[in-house]
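Each remark here refers to the structure printed beneath this line.
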Amino acid sequence: MTRAAGATNKVRVRRPPGGAAGARAVASGIVVRPARRADLDPVIAIDRTVTGLEKRDYWRSVFRRYAGGGKSGRQFLVADAGGNVAGFVIGEVRDWEFGSPPCGWVFGIDVRPGMRLAGVGTSLLAAICERFRRSGVQTVRTMLARDNTLVLSFFRSQGMMAGPFIPLEMDLGNDDAAAAQRGEPR
Amino acid sequence: MRLQKNTSLALYSVIEFAADPARHVSAAEIAAKYGVSAHHLAKVLSDLARAGIVESVRGAGGGYRFTGNARRLTLLDVIRVFEDLGPAATRRESGEATPVGMALRLVQSEIDEIAKATFGSITLATMLRLVERQPPPPRRSASRKPGR
C-alpha cells in the first residue's frame with residue numbers, strides 16, 4: 001500500500017464538477033463504492049503486487065476498522081471495474097492532531113498496475129474527497145516516502161502541495177538518540 | 001539546493017515549450033519574455049536539445065519545440081541536465097570535518113533531499129496547471145509614452 005513517512009502534502013477539498021452521491025460512476029466503466037468483504041482478496045493482491053508483501057492480517061484489521069460506509073469519518077473505497085477491483089483508497093477524518101482543525105487523511109491508495117493511467121486513481125481520490133467534504137472538512141492530507149515519486153507525482157497532479165506540517169522521526173534503537181532524550185552528553 | 005542561472009532559464013524555457021508542444025518557439029521570444037540574453041539562452045537550449053527534451057527546427061518559422069512527455073518529465077529531470085546533484089558535488093568548505101561542520105552538513109542534506117523530492121514529484125503537466133492558477137502579471141503603467 002502506498003503510505004508511510006516522508007513528505008506531507010495537503011489540498012483544499014475542491015468540489016468536482018457534477019457533484020456526487022453514493023456510488024460514483026467515474027472513469028469509463030469504473031464505479032467507486034465502499035469496500036465489501038469480497039473485495040478484500042483483490043485488495044490484498046493489488047497491495048502484494050505493488051509492495052511485494054502479503055499483509056493479510058493487516059488488511060483484515062483495516063477492513064474491520066474502515067469498511068462500513070464511512071462511520072466516524074472512516075473510508076475504505078474500491079474502484080469497481082465490471083466486478084473487478086481496479087484500485088482502492090483508505091482514509092479518515094482526524095481531529096485536532098497537533099492543533100490541526102479536523103481534516104481528511106488519505107493513508108492508502110493504489111491502482112492495479114495494468115489499469116493505471118486511466119483515471120482510476122483520480123476517481124478514487126475525488127470520491128474520498130467528496131465524502132470528506134460531506135463530513136464537513138475543508139482540507140485533505142497525505143504522507144508519502146520521499147522516494148515514492150510515482151504516487152507523489154499523482155498527488156501533485158491532483159493539486160496537492162506541501163502542507164504546513166513536517167514529518168519527523170527518530171531511530172529508537174539509536175544510542176545517541178536515547179542519550180539525547182535522557183539529556184546525557186554523547 | 002540553489003539552482004544556477006542556466007537551470008532556471010532551462011525550467012522557464014521547457015515550461016514555455018511544453019505549454020504548446022506543436023508550436024515552434026524561438027530563443028529570441030523566450031529571451032525577450034524573461035529578460036535574458038538570447039546568446040546565453042541559446043547555450044541552454046542547445047543543452048536541452050542534446051538531452052532530448054526539445055528539438056531545434058531550422059528554417060523560416062523555426063525555433064525549438066518540446067519533444068518530451070509532459071506527464072512524465074519532472075522538474076528534477078530538467079534540473080539534472082544542468083546540475084550535479086550527487087553528494088560529491090557539494091562545495092567543500094573549511095571546517096566541515098569538525099562536529100559543527102558535520103552537523104550543519106546533516107541539516108543541509110535534509111533540506112536537499114526534501115528539495116529533490118519536491119522537484120522530482122512535479123511533472124511539467126502539473127507545473128502547467130500551477131501556472132494557469134497564478135494571477136496575471138500586473139499591467140505595465142501607461143504613463144510612459146513610446147519613443148521617449
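Chain lettering (A, B, ...) mirrors the order of the C-alpha cells, residue numbering begins at 1 for each chain separately, and ligand numbering begins at 1 in order of display.
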
Review point. Counting only C-alpha atoms, which residues from chain A have an atom at most 9 Å from any atom of chain B, and could you show them as a PyMOL selection string?
Key: chain A and resi 6-7+146-159+162

Nearby residues (only C-alpha atoms) at most 7 Å from Leu77 of chain A, same-chain spacing under 3 positions excluded, as a CSV table (one decimal) with C-alpha atoms, in the first residue's frame:
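Final output, saved to selection-v8.csv:
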chain,number,residue,atom,x,y,z
A,32,VAL,CA,-16.2,3.9,-6.8
A,33,ARG,CA,-18.1,2.3,-3.8
A,34,PRO,CA,-17.5,1.3,-0.2
A,35,ALA,CA,-15.4,-1.9,0.1
A,88,PHE,CA,-8.7,1.2,-3.5
A,89,VAL,CA,-8.3,4.2,-1.3
A,90,ILE,CA,-8.4,4.4,2.5

Check your understanding: Of the candidates B:Ala70, B:Ile53, B:His40, B:Arg23, which shows the shortest atom-to-atom distance to Leu128 of chain B, using only C-alpha atoms?
Key -> B:Ala70

Check your understanding: Hey, can you check how far atom CA of Arg36 of chain A sits from atom CA of Phe76 of chain A?
Key ->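 Interatomic distance, atom CA of Arg36 of chain A to atom CA of Phe76 of chain A: 9.1 Å.
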
Exercise for review: Mind checking which residues fall within 10 Å of Lys55 of chain A, counting only C-alpha atoms, ignoring those fewer than 4 positions away in the same chain, and posting them as an MDAnalysis selection string?
Suggested key: chainID A and resid 1 44:45 47:48 51 59:60

Check your understanding: Where in segment 10-57 of chain B does DSSP assign strand (DSSP E or B), given as a ChimeraX atom specification?
Key -> /B:25,54-57

Only N, CA and C atoms, please: the residues just picked out, written as a PDB file, in the first residue's frame.
ATOM      1  N   VAL B  25       9.002  27.685 -30.929  1.00  0.00           N
ATOM      2  CA  VAL B  25       9.257  28.938 -30.202  1.00  0.00           C
ATOM      3  C   VAL B  25      10.717  29.298 -30.399  1.00  0.00           C
ATOM      4  N   VAL B  54      14.004  18.960 -25.947  1.00  0.00           N
ATOM      5  CA  VAL B  54      13.464  19.807 -27.019  1.00  0.00           C
ATOM      6  C   VAL B  54      14.204  19.441 -28.302  1.00  0.00           C
ATOM      7  N   GLU B  55      13.663  19.885 -29.435  1.00  0.00           N
ATOM      8  CA  GLU B  55      14.410  19.723 -30.688  1.00  0.00           C
ATOM      9  C   GLU B  55      14.385  21.039 -31.438  1.00  0.00           C
ATOM     10  N   SER B  56      15.475  21.278 -32.135  1.00  0.00           N
ATOM     11  CA  SER B  56      15.527  22.538 -32.877  1.00  0.00           C
ATOM     12  C   SER B  56      14.924  22.312 -34.257  1.00  0.00           C
ATOM     13  N   VAL B  57      14.213  23.322 -34.703  1.00  0.00           N
ATOM     14  CA  VAL B  57      13.573  23.274 -36.017  1.00  0.00           C
ATOM     15  C   VAL B  57      14.176  24.399 -36.841  1.00  0.00           C
TER      16      VAL B  57
END

Exercise for review: Work out how far apart atom CA of Val62 of chain A and atom CA of Ile109 of chain A are and give it in Å to one decimal.
Suggested key: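 According to the coordinates, atom CA of Val62 of chain A and atom CA of Ile109 of chain A are separated by 13.0 Å.
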
Point to revise | DSSP alpha helix (DSSP H) selection over segment 5-138 of chain B, as a PyMOL selection string | key: chain B and resi 5-19+27-34+38-50+75-82+99-121+124-132

Spatial neighbours of segment 91-94 of chain A, max dist 12 Å, only C-alpha atoms, sep filter under 2 positions, as a PDB file with C-alpha atoms, in the first residue's frame:
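Below is the file out.pdb, written as the result:
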ATOM      1  CA  THR A   2       1.133   3.478  -0.723  1.00  0.00           C
ATOM      2  CA  ARG A   3       1.738   5.141   2.600  1.00  0.00           C
ATOM      3  CA  PRO A  34     -17.475   1.298  -0.215  1.00  0.00           C
ATOM      4  CA  VAL A  62      -8.106  -2.334   8.134  1.00  0.00           C
ATOM      5  CA  PHE A  63     -11.320  -3.769   6.746  1.00  0.00           C
ATOM      6  CA  ARG A  65     -11.970  -0.618  11.168  1.00  0.00           C
ATOM      7  CA  TYR A  66     -12.560   1.249   7.916  1.00  0.00           C
ATOM      8  CA  ALA A  67     -15.174  -0.563   5.848  1.00  0.00           C
ATOM      9  CA  GLY A  69     -19.710   3.268   4.740  1.00  0.00           C
ATOM     10  CA  GLY A  70     -17.811   6.000   6.472  1.00  0.00           C
ATOM     11  CA  LYS A  71     -18.747   5.589  10.123  1.00  0.00           C
ATOM     12  CA  SER A  72     -16.734   8.011  12.269  1.00  0.00           C
ATOM     13  CA  GLY A  73     -15.358   9.613   9.116  1.00  0.00           C
ATOM     14  CA  ARG A  74     -13.520   6.410   8.099  1.00  0.00           C
ATOM     15  CA  GLN A  75     -13.489   5.416   4.445  1.00  0.00           C
ATOM     16  CA  PHE A  76     -12.396   2.293   2.611  1.00  0.00           C
ATOM     17  CA  LEU A  77     -13.440   2.606  -1.021  1.00  0.00           C
ATOM     18  CA  VAL A  78     -12.740   0.492  -4.073  1.00  0.00           C
ATOM     19  CA  PHE A  88      -8.674   1.228  -3.547  1.00  0.00           C
ATOM     20  CA  VAL A  89      -8.348   4.216  -1.267  1.00  0.00           C
ATOM     21  CA  TRP A  96      -7.058  18.282  16.201  1.00  0.00           C
ATOM     22  CA  GLU A  97      -3.820  16.394  15.713  1.00  0.00           C
ATOM     23  CA  PHE A  98      -1.104  18.778  16.865  1.00  0.00           C
ATOM     24  CA  GLY A  99      -3.603  21.619  16.765  1.00  0.00           C
ATOM     25  CA  SER A 100      -4.805  20.986  13.213  1.00  0.00           C
ATOM     26  CA  PRO A 101      -8.532  21.530  12.694  1.00  0.00           C
ATOM     27  CA  PRO A 102     -10.346  18.367  11.555  1.00  0.00           C
ATOM     28  CA  CYS A 103      -9.085  17.290   8.147  1.00  0.00           C
ATOM     29  CA  GLY A 104      -9.284  14.300   5.846  1.00  0.00           C
ATOM     30  CA  TRP A 105      -6.307  11.950   5.741  1.00  0.00           C
ATOM     31  CA  VAL A 106      -5.629   9.597   2.859  1.00  0.00           C
ATOM     32  CA  PHE A 107      -3.258   6.941   4.114  1.00  0.00           C
ATOM     33  CA  GLY A 108      -3.523   4.343   1.379  1.00  0.00           C
ATOM     34  CA  ILE A 109      -4.252   4.435  -2.332  1.00  0.00           C
ATOM     35  CA  LEU A 124     -10.785   7.242  -6.087  1.00  0.00           C
ATOM     36  CA  LEU A 125      -9.285  10.445  -4.721  1.00  0.00           C
ATOM     37  CA  ALA A 127     -14.673  10.073  -4.272  1.00  0.00           C
ATOM     38  CA  ILE A 128     -12.950  10.096  -0.894  1.00  0.00           C
ATOM     39  CA  CYS A 129     -12.575  13.890  -1.032  1.00  0.00           C
ATOM     40  CA  ARG A 131     -17.027  12.044   1.382  1.00  0.00           C
ATOM     41  CA  PHE A 132     -14.621  14.108   3.483  1.00  0.00           C
ATOM     42  CA  ARG A 133     -16.344  17.244   2.283  1.00  0.00           C
ATOM     43  CA  ARG A 134     -19.709  15.844   3.333  1.00  0.00           C
ATOM     44  CA  SER A 135     -18.148  15.177   6.753  1.00  0.00           C
ATOM     45  CA  GLY A 136     -17.524  18.920   6.974  1.00  0.00           C
ATOM     46  CA  VAL A 137     -13.768  19.115   6.433  1.00  0.00           C
ATOM     47  CA  GLN A 138     -12.111  21.508   4.026  1.00  0.00           C
ATOM     48  CA  THR A 139      -8.634  20.020   3.728  1.00  0.00           C
ATOM     49  CA  VAL A 140      -7.226  16.633   2.830  1.00  0.00           C
ATOM     50  CA  ARG A 141      -3.689  15.480   3.623  1.00  0.00           C
ATOM     51  CA  THR A 142      -1.496  12.533   2.917  1.00  0.00           C
ATOM     52  CA  MET A 143       2.065  11.450   3.643  1.00  0.00           C
TER      53      MET A 143
END
